[in-house]
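The data block below is start28.csv; it holds CSV, C-alpha atoms and all ligand atoms.
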chain,number,residue,atom,x,y,z
A,1,MET,CA,121.2,126.9,113.2
A,2,LYS,CA,119.7,128.2,109.9
A,3,TYR,CA,121.4,131.3,108.4
A,4,ARG,CA,122.9,132.4,105.0
A,5,SER,CA,126.4,131.1,104.3
A,6,CYS,CA,128.4,129.0,101.9
A,7,HIS,CA,130.2,125.7,102.2
A,8,LEU,CA,133.6,127.5,101.8
A,9,ILE,CA,132.9,130.1,104.5
A,10,GLU,CA,132.0,127.2,106.8
A,11,HIS,CA,134.6,124.5,106.0
A,12,GLY,CA,136.8,125.7,103.2
A,13,ILE,CA,140.3,127.0,102.7
A,14,SER,CA,142.2,128.2,99.7
A,15,ILE,CA,145.9,128.1,100.2
A,16,ASP,CA,147.6,130.9,98.4
A,17,ILE,CA,151.3,131.7,98.2
A,18,ASP,CA,151.6,133.5,101.5
A,19,SER,CA,148.1,133.8,102.8
A,20,ILE,CA,145.0,131.6,103.3
A,21,LYS,CA,141.6,132.6,102.0
A,22,ALA,CA,138.2,131.0,102.3
A,23,CYS,CA,137.9,130.5,98.5
A,24,CYS,CA,139.5,131.4,95.2
A,25,LEU,CA,136.6,133.5,94.0
A,26,SER,CA,137.0,137.3,93.6
A,27,ARG,CA,133.4,138.5,93.7
A,28,GLU,CA,134.2,141.8,92.1
A,29,PHE,CA,137.1,142.8,90.0
A,30,ASP,CA,140.1,143.8,92.2
A,31,LYS,CA,138.2,143.5,95.5
A,32,GLY,CA,140.1,140.4,96.6
A,33,ARG,CA,139.2,137.2,98.2
A,34,LEU,CA,137.9,136.5,101.7
A,35,PRO,CA,141.0,136.3,103.9
A,36,ILE,CA,141.4,133.8,106.8
A,37,ILE,CA,145.1,134.1,107.6
A,38,ASP,CA,147.1,137.1,106.1
A,39,LYS,CA,150.5,135.4,106.4
A,40,TYR,CA,151.5,131.8,106.9
A,41,GLU,CA,155.0,130.4,107.1
A,42,ASN,CA,156.1,127.7,104.8
A,43,ASN,CA,155.2,124.2,106.2
A,44,THR,CA,153.2,125.6,109.2
A,45,ILE,CA,149.6,126.5,109.2
A,46,ASN,CA,148.0,127.6,112.5
A,47,TRP,CA,144.7,125.6,112.4
A,48,GLN,CA,143.4,127.1,115.6
A,49,GLU,CA,143.7,130.5,114.0
A,50,ILE,CA,141.8,129.3,111.0
A,51,PHE,CA,138.9,128.0,113.1
A,52,GLU,CA,138.8,131.2,115.2
A,53,THR,CA,138.5,133.3,112.0
A,54,LYS,CA,135.8,131.0,110.7
A,55,LYS,CA,133.9,131.5,113.9
A,56,ARG,CA,134.0,135.2,113.4
A,57,HIS,CA,132.9,134.8,109.8
A,58,ARG,CA,129.9,132.7,110.9
A,59,LYS,CA,128.9,135.3,113.5
A,60,HIS,CA,129.0,138.0,110.8
A,61,GLN,CA,126.9,135.8,108.4
A,62,LYS,CA,124.2,135.5,111.0
A,63,VAL,CA,123.7,139.2,110.9
A,64,MET,CA,124.6,140.1,107.3
A,65,ASP,CA,126.7,138.9,104.4
A,66,LEU,CA,130.4,139.5,104.6
A,67,SER,CA,131.2,142.4,102.3
A,68,LEU,CA,133.6,140.3,100.1
A,69,CYS,CA,130.8,137.6,99.7
A,70,GLN,CA,127.9,139.9,98.8
A,71,GLY,CA,126.1,138.8,95.7
A,72,CYS,CA,127.9,135.5,95.5
A,73,TYR,CA,125.8,132.7,93.9
A,74,ASN,CA,127.2,130.3,96.5
A,75,LEU,CA,125.3,131.9,99.4
A,76,ARG,CA,122.3,130.0,100.6
A,77,GLU,CA,120.2,129.6,103.7
A,78,GLU,CA,120.8,126.3,105.4
A,79,ASP,CA,121.1,124.6,108.7
A,80,TRP,CA,124.9,124.8,108.9
A,81,ASP,CA,126.6,122.5,111.4
A,82,GLU,CA,129.2,125.1,112.7
A,83,GLU,CA,131.7,122.5,113.8
A,84,ASP,CA,135.4,123.1,113.4
A,85,TYR,CA,136.7,121.0,110.5
A,86,ILE,CA,137.9,121.5,106.9
A,87,SER,CA,136.3,119.7,104.0
A,88,TYR,CA,137.2,121.9,101.0
A,89,ILE,CA,140.9,122.6,100.2
A,90,ASN,CA,142.0,124.5,97.2
A,91,PHE,CA,145.8,124.3,96.5
A,92,ASP,CA,146.8,127.5,94.9
A,93,HIS,CA,150.2,128.1,96.5
A,94,TRP,CA,152.6,128.1,93.6
A,95,SER,CA,152.9,129.8,90.2
A,96,GLN,CA,155.3,127.8,88.0
A,97,CYS,CA,153.6,126.8,84.8
A,98,ASN,CA,154.5,125.3,81.4
A,99,SER,CA,151.9,127.4,79.6
A,100,ASN,CA,151.7,131.1,79.2
A,101,CYS,CA,148.0,131.9,78.7
A,102,ILE,CA,147.1,135.5,77.7
A,103,TYR,CA,144.4,135.7,80.4
A,104,CYS,CA,146.6,134.3,83.2
A,105,CYS,CA,146.6,136.3,86.4
A,106,VAL,CA,148.8,133.7,88.2
A,107,GLN,CA,152.0,134.1,86.2
A,108,GLN,CA,151.8,137.9,86.1
A,109,THR,CA,151.0,138.6,89.7
A,110,LYS,CA,152.3,135.8,91.9
A,111,PRO,CA,155.9,135.6,93.0
A,112,LYS,CA,157.7,132.3,92.4
A,113,THR,CA,157.7,130.1,95.5
A,114,LYS,CA,158.9,126.9,96.9
A,115,ASN,CA,156.2,126.5,99.5
A,116,ASN,CA,155.5,123.0,100.7
A,117,VAL,CA,152.3,122.4,102.6
A,118,LEU,CA,152.4,118.6,102.8
A,119,LYS,CA,153.4,118.6,106.5
A,120,ALA,CA,150.6,121.0,107.4
A,121,MET,CA,148.0,118.8,105.6
A,122,LYS,CA,149.3,115.7,107.5
A,123,GLU,CA,148.9,117.6,110.7
A,124,LEU,CA,145.3,118.6,109.8
A,125,ILE,CA,144.4,115.0,109.2
A,126,LYS,CA,146.2,113.9,112.4
A,127,LEU,CA,144.2,116.4,114.4
A,128,GLY,CA,141.0,114.8,113.2
A,129,LYS,CA,140.0,118.1,111.7
A,130,PHE,CA,139.7,117.0,108.1
A,131,LYS,CA,136.3,115.6,107.0
A,132,ASN,CA,136.0,113.8,103.8
A,133,ASN,CA,132.7,115.2,102.5
A,134,GLY,CA,134.0,118.1,100.3
A,135,GLU,CA,136.4,118.4,97.5
A,136,ILE,CA,140.2,118.9,97.1
A,137,THR,CA,141.1,121.1,94.1
A,138,PHE,CA,144.4,122.0,92.5
A,139,GLN,CA,145.0,125.1,90.5
A,140,GLY,CA,147.6,127.9,90.8
A,141,GLY,CA,150.2,127.3,88.2
A,142,GLU,CA,150.6,123.9,86.7
A,143,PRO,CA,150.1,121.5,89.6
A,144,THR,CA,151.9,118.6,88.1
A,145,LEU,CA,155.2,120.6,88.3
A,146,LEU,CA,154.9,120.9,92.0
A,147,LYS,CA,157.3,118.5,93.9
A,148,GLU,CA,154.7,117.5,96.5
A,149,PHE,CA,151.9,117.0,94.0
A,150,ASP,CA,152.0,113.2,93.8
A,151,ASP,CA,152.3,113.0,97.7
A,152,LEU,CA,149.3,115.3,98.2
A,153,ILE,CA,147.2,113.2,95.8
A,154,LYS,CA,148.3,110.0,97.6
A,155,LEU,CA,147.5,111.6,101.0
A,156,PHE,CA,144.0,112.7,100.1
A,157,THR,CA,143.1,109.6,98.0
A,158,LYS,CA,143.9,107.6,101.1
A,159,GLN,CA,141.3,109.8,102.9
A,160,GLY,CA,138.8,108.8,100.2
A,161,SER,CA,138.6,112.4,99.0
A,162,LYS,CA,137.1,113.7,95.8
A,163,ILE,CA,140.0,115.5,94.0
A,164,ARG,CA,139.8,117.9,91.0
A,165,VAL,CA,143.0,118.9,89.2
A,166,HIS,CA,143.2,121.8,86.8
A,167,SER,CA,146.1,121.1,84.5
A,168,SER,CA,147.5,122.7,81.3
A,169,GLY,CA,147.6,119.1,80.0
A,170,ILE,CA,151.0,119.7,78.4
A,171,LEU,CA,152.6,117.0,80.5
A,172,PHE,CA,151.1,113.6,81.2
A,173,ASN,CA,150.9,112.7,84.9
A,174,ARG,CA,150.7,109.1,86.2
A,175,ALA,CA,149.2,110.1,89.6
A,176,ILE,CA,146.3,111.7,87.7
A,177,ARG,CA,145.9,108.8,85.4
A,178,ASN,CA,145.9,106.3,88.2
A,179,GLY,CA,143.4,108.4,90.1
A,180,LEU,CA,141.1,108.6,87.1
A,181,LYS,CA,141.2,104.8,86.6
A,182,ARG,CA,140.1,104.3,90.2
A,183,GLY,CA,137.5,107.1,90.0
A,184,GLU,CA,139.2,109.1,92.7
A,185,VAL,CA,140.5,112.1,90.6
A,186,SER,CA,139.0,114.3,87.9
A,187,VAL,CA,141.1,116.4,85.6
A,188,VAL,CA,140.1,119.7,84.0
A,189,ILE,CA,142.1,120.7,80.9
A,190,SER,CA,141.3,123.9,79.1
A,191,PRO,CA,142.6,124.0,75.5
A,192,ASP,CA,140.1,126.9,74.8
A,193,SER,CA,140.6,126.1,71.1
A,194,ALA,CA,140.7,123.3,68.6
A,195,THR,CA,143.2,124.5,66.0
A,196,ASP,CA,146.9,124.8,66.6
A,197,GLU,CA,146.9,128.4,65.4
A,198,THR,CA,144.3,129.6,67.9
A,199,TYR,CA,145.9,127.5,70.7
A,200,LYS,CA,149.2,129.3,70.0
A,201,ILE,CA,147.6,132.7,70.2
A,202,ILE,CA,145.9,131.9,73.5
A,203,LYS,CA,148.6,129.9,75.2
A,204,ARG,CA,151.7,131.5,73.7
A,205,VAL,CA,153.3,128.0,73.5
A,206,ASP,CA,153.2,125.6,70.7
A,207,LYS,CA,151.8,122.6,72.5
A,208,SER,CA,148.3,122.0,71.2
A,209,LYS,CA,149.1,118.5,69.8
A,210,ASN,CA,150.6,117.4,73.2
A,211,VAL,CA,147.5,118.6,75.0
A,212,TRP,CA,145.0,116.8,72.8
A,213,LYS,CA,147.2,113.7,72.8
A,214,ASN,CA,147.2,113.8,76.7
A,215,ILE,CA,143.4,114.4,76.9
A,216,ALA,CA,143.0,111.3,74.7
A,217,HIS,CA,145.5,109.4,76.8
A,218,TYR,CA,143.7,110.2,80.1
A,219,ARG,CA,140.3,109.3,78.5
A,220,LYS,CA,141.4,106.0,76.9
A,221,GLY,CA,140.4,102.9,78.7
A,222,LEU,CA,138.4,104.5,81.5
A,223,LYS,CA,135.3,102.6,82.6
A,224,ASP,CA,132.0,104.2,81.5
A,225,ASN,CA,131.1,105.3,85.0
A,226,PHE,CA,134.4,107.2,85.2
A,227,ALA,CA,134.4,108.7,81.7
A,228,ASN,CA,133.1,112.1,82.8
A,229,LEU,CA,136.1,112.6,85.1
A,230,VAL,CA,138.1,113.9,82.1
A,231,LYS,CA,136.7,117.4,81.7
A,232,VAL,CA,137.6,119.6,78.8
A,233,LYS,CA,137.1,123.4,79.1
A,234,TYR,CA,136.5,126.2,76.7
A,235,ILE,CA,137.1,129.7,78.0
A,236,ILE,CA,135.4,132.1,75.5
A,237,ILE,CA,137.8,134.9,74.9
A,238,PRO,CA,136.3,137.8,72.9
A,239,GLY,CA,138.1,138.6,69.7
A,240,ILE,CA,140.1,135.3,69.7
A,241,ASN,CA,138.1,132.1,70.0
A,242,ASP,CA,134.5,133.5,70.1
A,243,ASN,CA,133.5,132.2,66.7
A,244,ILE,CA,131.3,129.3,65.6
A,245,GLU,CA,134.1,127.8,63.4
A,246,GLU,CA,136.5,127.3,66.3
A,247,VAL,CA,133.8,126.1,68.6
A,248,SER,CA,132.5,123.6,66.0
A,249,ILE,CA,135.9,122.0,65.5
A,250,PHE,CA,136.4,121.9,69.3
A,251,LEU,CA,133.1,120.0,69.6
A,252,ASP,CA,134.1,117.6,66.8
A,253,LYS,CA,137.2,116.8,68.8
A,254,ILE,CA,135.2,116.2,71.9
A,255,LYS,CA,133.0,113.7,70.0
A,256,GLN,CA,136.0,112.1,68.3
A,257,LEU,CA,137.8,111.5,71.7
A,258,ASP,CA,134.5,110.4,73.3
A,259,ILE,CA,134.8,113.1,76.0
A,260,LYS,CA,131.8,113.1,78.4
A,261,SER,CA,132.2,116.4,80.2
A,262,ILE,CA,132.5,120.0,78.9
A,263,ILE,CA,133.1,123.1,81.0
A,264,VAL,CA,132.5,126.6,79.7
A,265,ASP,CA,133.7,129.9,81.0
A,266,ILE,CA,134.1,133.5,79.8
A,267,GLU,CA,137.5,135.2,80.1
A,268,TYR,CA,137.6,136.8,83.6
A,269,THR,CA,138.6,140.4,82.8
A,270,TYR,CA,136.1,140.7,80.0
A,271,ALA,CA,133.3,139.2,82.1
A,272,ASN,CA,134.1,141.5,85.0
A,273,GLN,CA,134.2,144.6,82.9
A,274,HIS,CA,131.1,143.8,80.8
A,275,ILE,CA,128.9,141.9,83.3
A,276,ASN,CA,126.0,144.1,82.5
A,277,ASN,CA,126.5,144.0,78.7
A,278,ILE,CA,127.9,140.7,77.7
A,279,SER,CA,127.8,140.5,74.0
A,280,PRO,CA,124.8,138.4,72.8
A,281,HIS,CA,126.9,136.3,70.5
A,282,ILE,CA,128.7,134.9,73.6
A,283,TYR,CA,125.4,133.7,75.0
A,284,ILE,CA,124.6,132.2,71.6
A,285,LEU,CA,127.9,130.3,71.6
A,286,MET,CA,127.2,129.1,75.1
A,287,ASP,CA,123.7,127.9,74.0
A,288,TYR,CA,125.3,126.1,71.1
A,289,ILE,CA,127.7,124.2,73.3
A,290,GLU,CA,125.0,123.4,75.8
A,291,ASN,CA,122.7,122.1,73.1
A,292,PHE,CA,125.5,119.9,71.8
A,293,ALA,CA,126.1,118.6,75.3
A,294,ASN,CA,122.4,117.8,75.8
A,295,LYS,CA,122.1,116.2,72.4
A,296,HIS,CA,125.1,113.9,73.1
A,297,ASP,CA,124.3,113.3,76.7
A,298,LEU,CA,127.4,115.0,78.0
A,299,ASN,CA,127.9,116.7,81.4
A,300,TYR,CA,127.8,120.5,80.9
A,301,GLU,CA,129.2,122.7,83.6
A,302,LEU,CA,129.8,126.5,83.9
A,303,TYR,CA,132.7,128.1,85.8
A,304,ASP,CA,132.3,131.3,87.7
A,305,SER,CA,132.4,134.1,85.2
A,306,ALA,CA,130.0,132.2,82.9
A,307,LYS,CA,127.7,131.5,85.9
A,308,TYR,CA,127.5,135.2,86.7
A,309,ALA,CA,126.9,136.1,83.1
A,310,ILE,CA,124.0,133.6,82.9
A,311,GLN,CA,122.6,134.9,86.2
A,312,ASN,CA,122.8,138.4,84.7
A,313,ARG,CA,121.1,137.3,81.5
A,314,THR,CA,118.2,135.9,83.5
A,315,LEU,CA,117.9,139.1,85.4
A,316,GLU,CA,117.9,141.0,82.1
A,317,LYS,CA,115.0,138.9,81.0
A,318,LEU,CA,113.3,139.6,84.3
A,319,ASN,CA,113.5,143.3,83.7
A,320,GLN,CA,111.2,142.9,80.8
A,321,PHE,CA,108.3,142.1,83.2
A,322,ASP,CA,106.5,145.1,84.6
A,323,ASN,CA,104.7,143.1,87.2
A,324,THR,CA,106.6,143.8,90.4
A,325,PHE,CA,105.1,140.9,92.4
A,326,ILE,CA,106.2,138.3,89.7
A,327,LYS,CA,109.7,139.9,89.6
A,328,GLU,CA,110.1,139.7,93.4
A,329,GLU,CA,108.8,136.1,93.5
A,330,ILE,CA,111.2,134.9,90.7
A,331,ALA,CA,114.1,136.9,92.2
A,332,LYS,CA,113.8,135.0,95.4
A,333,TYR,CA,114.7,131.8,93.6
A,334,LEU,CA,117.6,133.5,91.9
A,335,LYS,CA,119.4,134.5,95.1
B,401,LIG,S1,133.0,134.7,97.9
B,401,LIG,FE1,131.4,133.2,97.6
B,401,LIG,S2,132.4,131.2,97.5
B,401,LIG,FE2,133.8,132.6,98.4
B,401,LIG,S3,133.5,132.4,100.6
B,401,LIG,FE3,132.2,134.1,99.9
B,401,LIG,S4,130.2,133.2,99.5
B,401,LIG,FE4,131.7,131.5,99.6
B,402,LIG,S1,147.7,127.1,82.6
B,402,LIG,FE1,146.8,128.3,84.3
B,402,LIG,S2,148.6,129.0,85.5
B,402,LIG,FE2,149.4,128.2,83.5
B,402,LIG,S3,149.5,130.1,82.3
B,402,LIG,FE3,147.5,129.2,81.9
B,402,LIG,S4,146.1,130.2,83.3
B,402,LIG,FE4,148.2,130.6,84.0
Kindly return the structure encoded in the file as structure tokens.
Ligand code: SF4
Ligand code: SF4
Amino acid sequence: MKYRSCHLIEHGISIDIDSIKACCLSREFDKGRLPIIDKYENNTINWQEIFETKKRHRKHQKVMDLSLCQGCYNLREEDWDEEDYISYINFDHWSQCNSNCIYCCVQQTKPKTKNNVLKAMKELIKLGKFKNNGEITFQGGEPTLLKEFDDLIKLFTKQGSKIRVHSSGILFNRAIRNGLKRGEVSVVISPDSATDETYKIIKRVDKSKNVWKNIAHYRKGLKDNFANLVKVKYIIIPGINDNIEEVSIFLDKIKQLDIKSIIVDIEYTYANQHINNISPHIYILMDYIENFANKHDLNYELYDSAKYAIQNRTLEKLNQFDNTFIKEEIAKYLK
């Protein structure tokens, strides 16, 4: 049946420390994420309860957008299949990390935990309720510090899943490296800087050299068709790394290491508080990075805050029109 929804409402879960959500997106500052199960016990996930909640969410979507999803760029009208299965899993259930980023909300807000969800994942697969047509993502704290990390990678690569790991890059991990080589895993590392000084201000640890060495190590020797699986991210943080000098050195490093994929984002708190008045110089920096990516034939991707900022920039431009009909027509395509 055709209705407005998103792939995560339909078939996604984001496993948090003590609850399960549909996704890891917080549409508006402090409003929270769409909950599926408020409390789950270590090792046990009630899959039936998850599918029941998803049924309720679908029913809601057929009438109107769930309040926590309103305005999300992921919503689209489609012929959704409405079957009970999971295809998108975000592992976000721990908070240990070897970095200390100034913008981190994980270390500040999440309690330390020793959750282990491996058994529940095996159960999902055994039930035949996992479909391999989505993506498995890791974030949370530093995933490679998690005891069950290598086993989870093994379990889902066996299913032929597409896996994306967000890592600080401070430690080198063989499971990631092997997955990259086979084209099964991609890794996202976010130095947000190029110089040791700026790295230290942002990360509050002195590990810039390790991180760039590990990025080079992951990239080295990958076949051309897997080269874009090593993704290097730059989160623009106003007042710290939002200058052309740092960005230029960053792009020089990207070129030097033959990195084929860049991700850009804007620091979450700033983006949320200034979504209607993002400073123009931030858009200029984003254009600069995008032009570099186009010129060198690199993948260029935006993460959520940057996507909302760009959407807003386009809407700002739209407001310059005084032809209501044109505005409405264009706005349809921006939904
Ligand atoms: S907030 Fe967005 S991504 Fe998350 S479930 Fe709702 S529509 Fe999907
Ligand atoms: S790497 Fe991620 S989890 Fe670790 S401190 Fe930075 S933002 Fe937080």
Please tabulate, as CSV, the residues of chain A that come within 12 Å of ligand LIG 402 (chain B), each with its closest pair of atoms and the distance in Å to one decimal, counting only C-alpha atoms and all ligand atoms and ordering rows by chain, then residue number upward.
residue,atom,partner,partner_atom,distance
A:Asp92,CA,B:LIG402,S2,9.7
A:His93,CA,B:LIG402,S2,11.2
A:Trp94,CA,B:LIG402,S2,9.1
A:Ser95,CA,B:LIG402,S2,6.4
A:Gln96,CA,B:LIG402,S2,7.3
A:Cys97,CA,B:LIG402,FE2,4.6
A:Asn98,CA,B:LIG402,FE2,6.2
A:Ser99,CA,B:LIG402,S3,4.5
A:Asn100,CA,B:LIG402,S3,3.9
A:Cys101,CA,B:LIG402,FE3,4.2
A:Ile102,CA,B:LIG402,S3,7.5
A:Tyr103,CA,B:LIG402,S4,6.4
A:Cys104,CA,B:LIG402,FE4,4.1
A:Cys105,CA,B:LIG402,FE4,6.4
A:Val106,CA,B:LIG402,FE4,5.3
A:Gln107,CA,B:LIG402,FE4,5.6
A:Gln108,CA,B:LIG402,FE4,8.4
A:Thr109,CA,B:LIG402,FE4,10.2
A:Lys110,CA,B:LIG402,S2,10.0
A:Lys112,CA,B:LIG402,S2,11.9
A:Phe138,CA,B:LIG402,FE1,10.6
A:Gln139,CA,B:LIG402,FE1,7.2
A:Gly140,CA,B:LIG402,S2,5.5
A:Gly141,CA,B:LIG402,S2,3.6
A:Glu142,CA,B:LIG402,FE2,5.5
A:Pro143,CA,B:LIG402,S2,8.7
A:Thr144,CA,B:LIG402,FE2,10.9
A:Leu145,CA,B:LIG402,FE2,10.7
A:Val165,CA,B:LIG402,FE1,11.3
A:His166,CA,B:LIG402,FE1,7.8
A:Ser167,CA,B:LIG402,S1,6.5
A:Ser168,CA,B:LIG402,S1,4.6
A:Gly169,CA,B:LIG402,S1,8.4
A:Ile170,CA,B:LIG402,S1,9.1
A:Leu171,CA,B:LIG402,S1,11.4
A:Val188,CA,B:LIG402,S1,10.7
A:Ile189,CA,B:LIG402,S1,8.7
A:Ser190,CA,B:LIG402,S1,8.0
A:Pro191,CA,B:LIG402,S1,9.3
A:Asp192,CA,B:LIG402,FE3,10.5
A:Tyr199,CA,B:LIG402,FE3,11.4
A:Ile202,CA,B:LIG402,FE3,9.0
A:Lys203,CA,B:LIG402,FE3,6.8
A:Arg204,CA,B:LIG402,S3,9.0
A:Val205,CA,B:LIG402,S3,9.8
A:Lys207,CA,B:LIG402,S1,11.8
A:Val211,CA,B:LIG402,S1,11.4
A:Lys233,CA,B:LIG402,S1,11.8
A:Ile235,CA,B:LIG402,S4,10.5
A:Glu267,CA,B:LIG402,S4,10.4
A:Tyr268,CA,B:LIG402,S4,10.8
Quick one: contact table of segment 230-288 of chain A to segment 292-312 of chain A, 8 Å max, nearest atom pair and distance in Å to one decimal per residue, counting all atoms listed in the file, chain and number order, as a tab-separated table?
residue	atom	partner	partner_atom	distance
A:Leu251	CA	A:Phe292	CA	7.9
A:Ile259	CA	A:Leu298	CA	7.9
A:Lys260	CA	A:Leu298	CA	4.8
A:Ser261	CA	A:Asn299	CA	4.5
A:Ile262	CA	A:Tyr300	CA	5.1
A:Ile263	CA	A:Glu301	CA	4.7
A:Val264	CA	A:Leu302	CA	5.0
A:Asp265	CA	A:Ala306	CA	4.8
A:Ile266	CA	A:Ala306	CA	5.3
A:Glu267	CA	A:Ser305	CA	7.3
A:Tyr268	CA	A:Ser305	CA	6.1
A:Ala271	CA	A:Ser305	CA	6.0
A:Asn272	CA	A:Ser305	CA	7.6
A:Ile275	CA	A:Ala309	CA	6.1
A:Asn276	CA	A:Asn312	CA	6.9
A:Ile278	CA	A:Ala309	CA	7.2
A:Tyr288	CA	A:Phe292	CA	6.2
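In terms of minimum interatomic distance to ligand LIG 401 (chain B), A:Leu25 ranks closest within A:Leu25, A:Val63, A:Val247, A:Ile20, counting all atoms listed in the file.
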As a check of understanding: the span from atom CA of Ala194 of chain A to atom CA of Val230 of chain A is 16.7 Å
- Task: For each of A:Ile13, A:Ile284, A:Ile153, A:Leu124, take the minimum atom-to-atom distance to Asn90 of chain A, counting all atoms listed in the file, then give the residue where this is smallest.
- Result: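 Comparing A:Ile13, A:Ile284, A:Ile153, A:Leu124 against Asn90 of chain A, the winner is A:Ile13.
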Check your understanding: Once you count only C-alpha atoms and all ligand atoms, which residues end up within 6 Å of ligand LIG 401 (chain B), and could you hand them over as a PyMOL selection string?
Key -> chain A and resi 6+8-9+22-23+25+27+69+72+74-75
Using Å and a single decimal, report how far atom CA of Tyr85 of chain A sits from atom CA of Ile50 of chain A.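 Those two atoms sit 9.8 Å apart.
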Between atom CA of Gln159 of chain A and atom CA of His57 of chain A lies a distance of 27.3 Å
| Could you name the residues that touch Gly179 of chain A at 12 Å or less, counting all atoms listed in the file, but leaving out those on the same chain fewer than 5 positions away, as an MDAnalysis selection string? | chainID A and resid 150 153:154 156:158 160:165 173:174 184:187 218 222 226 229:230
Practice task
Could you check which of A:Gly71, A:Lys119, A:Arg4, A:Trp80 is closest to Asn42 of chain A, using all atoms listed in the file?
Solution key: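 Answer, going by the shortest atom-to-atom distance: A:Lys119.
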**Report entry** Selection near Ile282 of chain A, 9 Å with all atoms listed in the file, sequence-local residues under 5 positions removed, as number ranges by chain
**Finding:** A: 236, 238, 242-243, 266, 287
Can those selected residues be exported to a file as a PDB file, in the coordinates of the input so that it contains C-alpha atoms?
ATOM      1  CA  ILE A 236     135.400 132.100  75.500  1.00  0.00           C
ATOM      2  CA  PRO A 238     136.300 137.800  72.900  1.00  0.00           C
ATOM      3  CA  ASP A 242     134.500 133.500  70.100  1.00  0.00           C
ATOM      4  CA  ASN A 243     133.500 132.200  66.700  1.00  0.00           C
ATOM      5  CA  ILE A 266     134.100 133.500  79.800  1.00  0.00           C
ATOM      6  CA  ASP A 287     123.700 127.900  74.000  1.00  0.00           C
TER       7      ASP A 287
END
- Pick out the closest residue to Met121 of chain A from this set: A:Ile89, A:Leu180, A:Leu34, A:Ile201. Count all atoms listed in the file.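 The shortest atom-to-atom distance to Met121 of chain A comes from A:Ile89.
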| task | Rank A:Phe250, A:Tyr234, A:Tyr3, A:Tyr88 by their smallest atom-to-atom distance to Arg58 of chain A, using only C-alpha atoms, and report the top residue only. | result |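 For Arg58 of chain A, the nearest of the given residues is A:Tyr3.
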Counting only C-alpha atoms, the residue among A:His7, A:Ser208, A:Ala216, A:Asn225 that lies closest to Arg182 of chain A is A:Asn225
Tell me which protein, DNA and RNA residues are within 10 Å of Trp47 of chain A, counting all atoms listed in the file, leaving out same-chain ones fewer than 4 positions away, and put them as a list of chain:residue names. A:Ile37, A:Phe51, A:Glu52, A:Thr53, A:Asp84, A:Tyr85, A:Ile86, A:Ala120, A:Glu123, A:Leu124, A:Leu127, A:Lys129
My structure is short of atoms at segment 72-85 of chain A; please model N, CA and C atoms there, returning them as a compact mmCIF listing (two decimals), keeping the file's coordinate frame.
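Resulting contents of rebuild-v5.txt:
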# COMPACT_ATOMS: atom_id res chain seq x y z
N CYS A 72 127.32 136.74 95.99
CA CYS A 72 127.90 135.50 95.50
C CYS A 72 126.79 134.42 95.32
N TYR A 73 126.86 133.70 94.20
CA TYR A 73 125.80 132.70 93.90
C TYR A 73 125.93 131.49 94.87
N ASN A 74 127.03 131.39 95.62
CA ASN A 74 127.20 130.30 96.50
C ASN A 74 126.45 130.44 97.86
N LEU A 75 126.01 131.67 98.14
CA LEU A 75 125.30 131.90 99.40
C LEU A 75 123.94 131.28 99.42
N ARG A 76 123.62 130.58 100.48
CA ARG A 76 122.30 130.00 100.60
C ARG A 76 121.90 129.82 102.05
N GLU A 77 120.59 129.84 102.31
CA GLU A 77 120.20 129.60 103.70
C GLU A 77 120.10 128.13 103.96
N GLU A 78 120.74 127.74 105.06
CA GLU A 78 120.80 126.30 105.40
C GLU A 78 121.02 126.12 106.86
N ASP A 79 120.81 124.92 107.30
CA ASP A 79 121.10 124.60 108.70
C ASP A 79 122.56 124.17 108.78
N TRP A 80 123.47 125.11 108.96
CA TRP A 80 124.90 124.80 108.90
C TRP A 80 125.32 124.15 110.25
N ASP A 81 126.30 123.23 110.20
CA ASP A 81 126.60 122.50 111.40
C ASP A 81 127.56 123.24 112.39
N GLU A 82 128.30 124.24 111.89
CA GLU A 82 129.20 125.10 112.70
C GLU A 82 130.28 124.40 113.49
N GLU A 83 130.57 123.17 113.12
CA GLU A 83 131.70 122.50 113.80
C GLU A 83 133.02 122.93 113.19
N ASP A 84 134.11 122.72 113.94
CA ASP A 84 135.40 123.10 113.40
C ASP A 84 136.04 121.94 112.64
N TYR A 85 135.94 122.00 111.35
CA TYR A 85 136.70 121.00 110.50
C TYR A 85 136.77 121.61 109.09
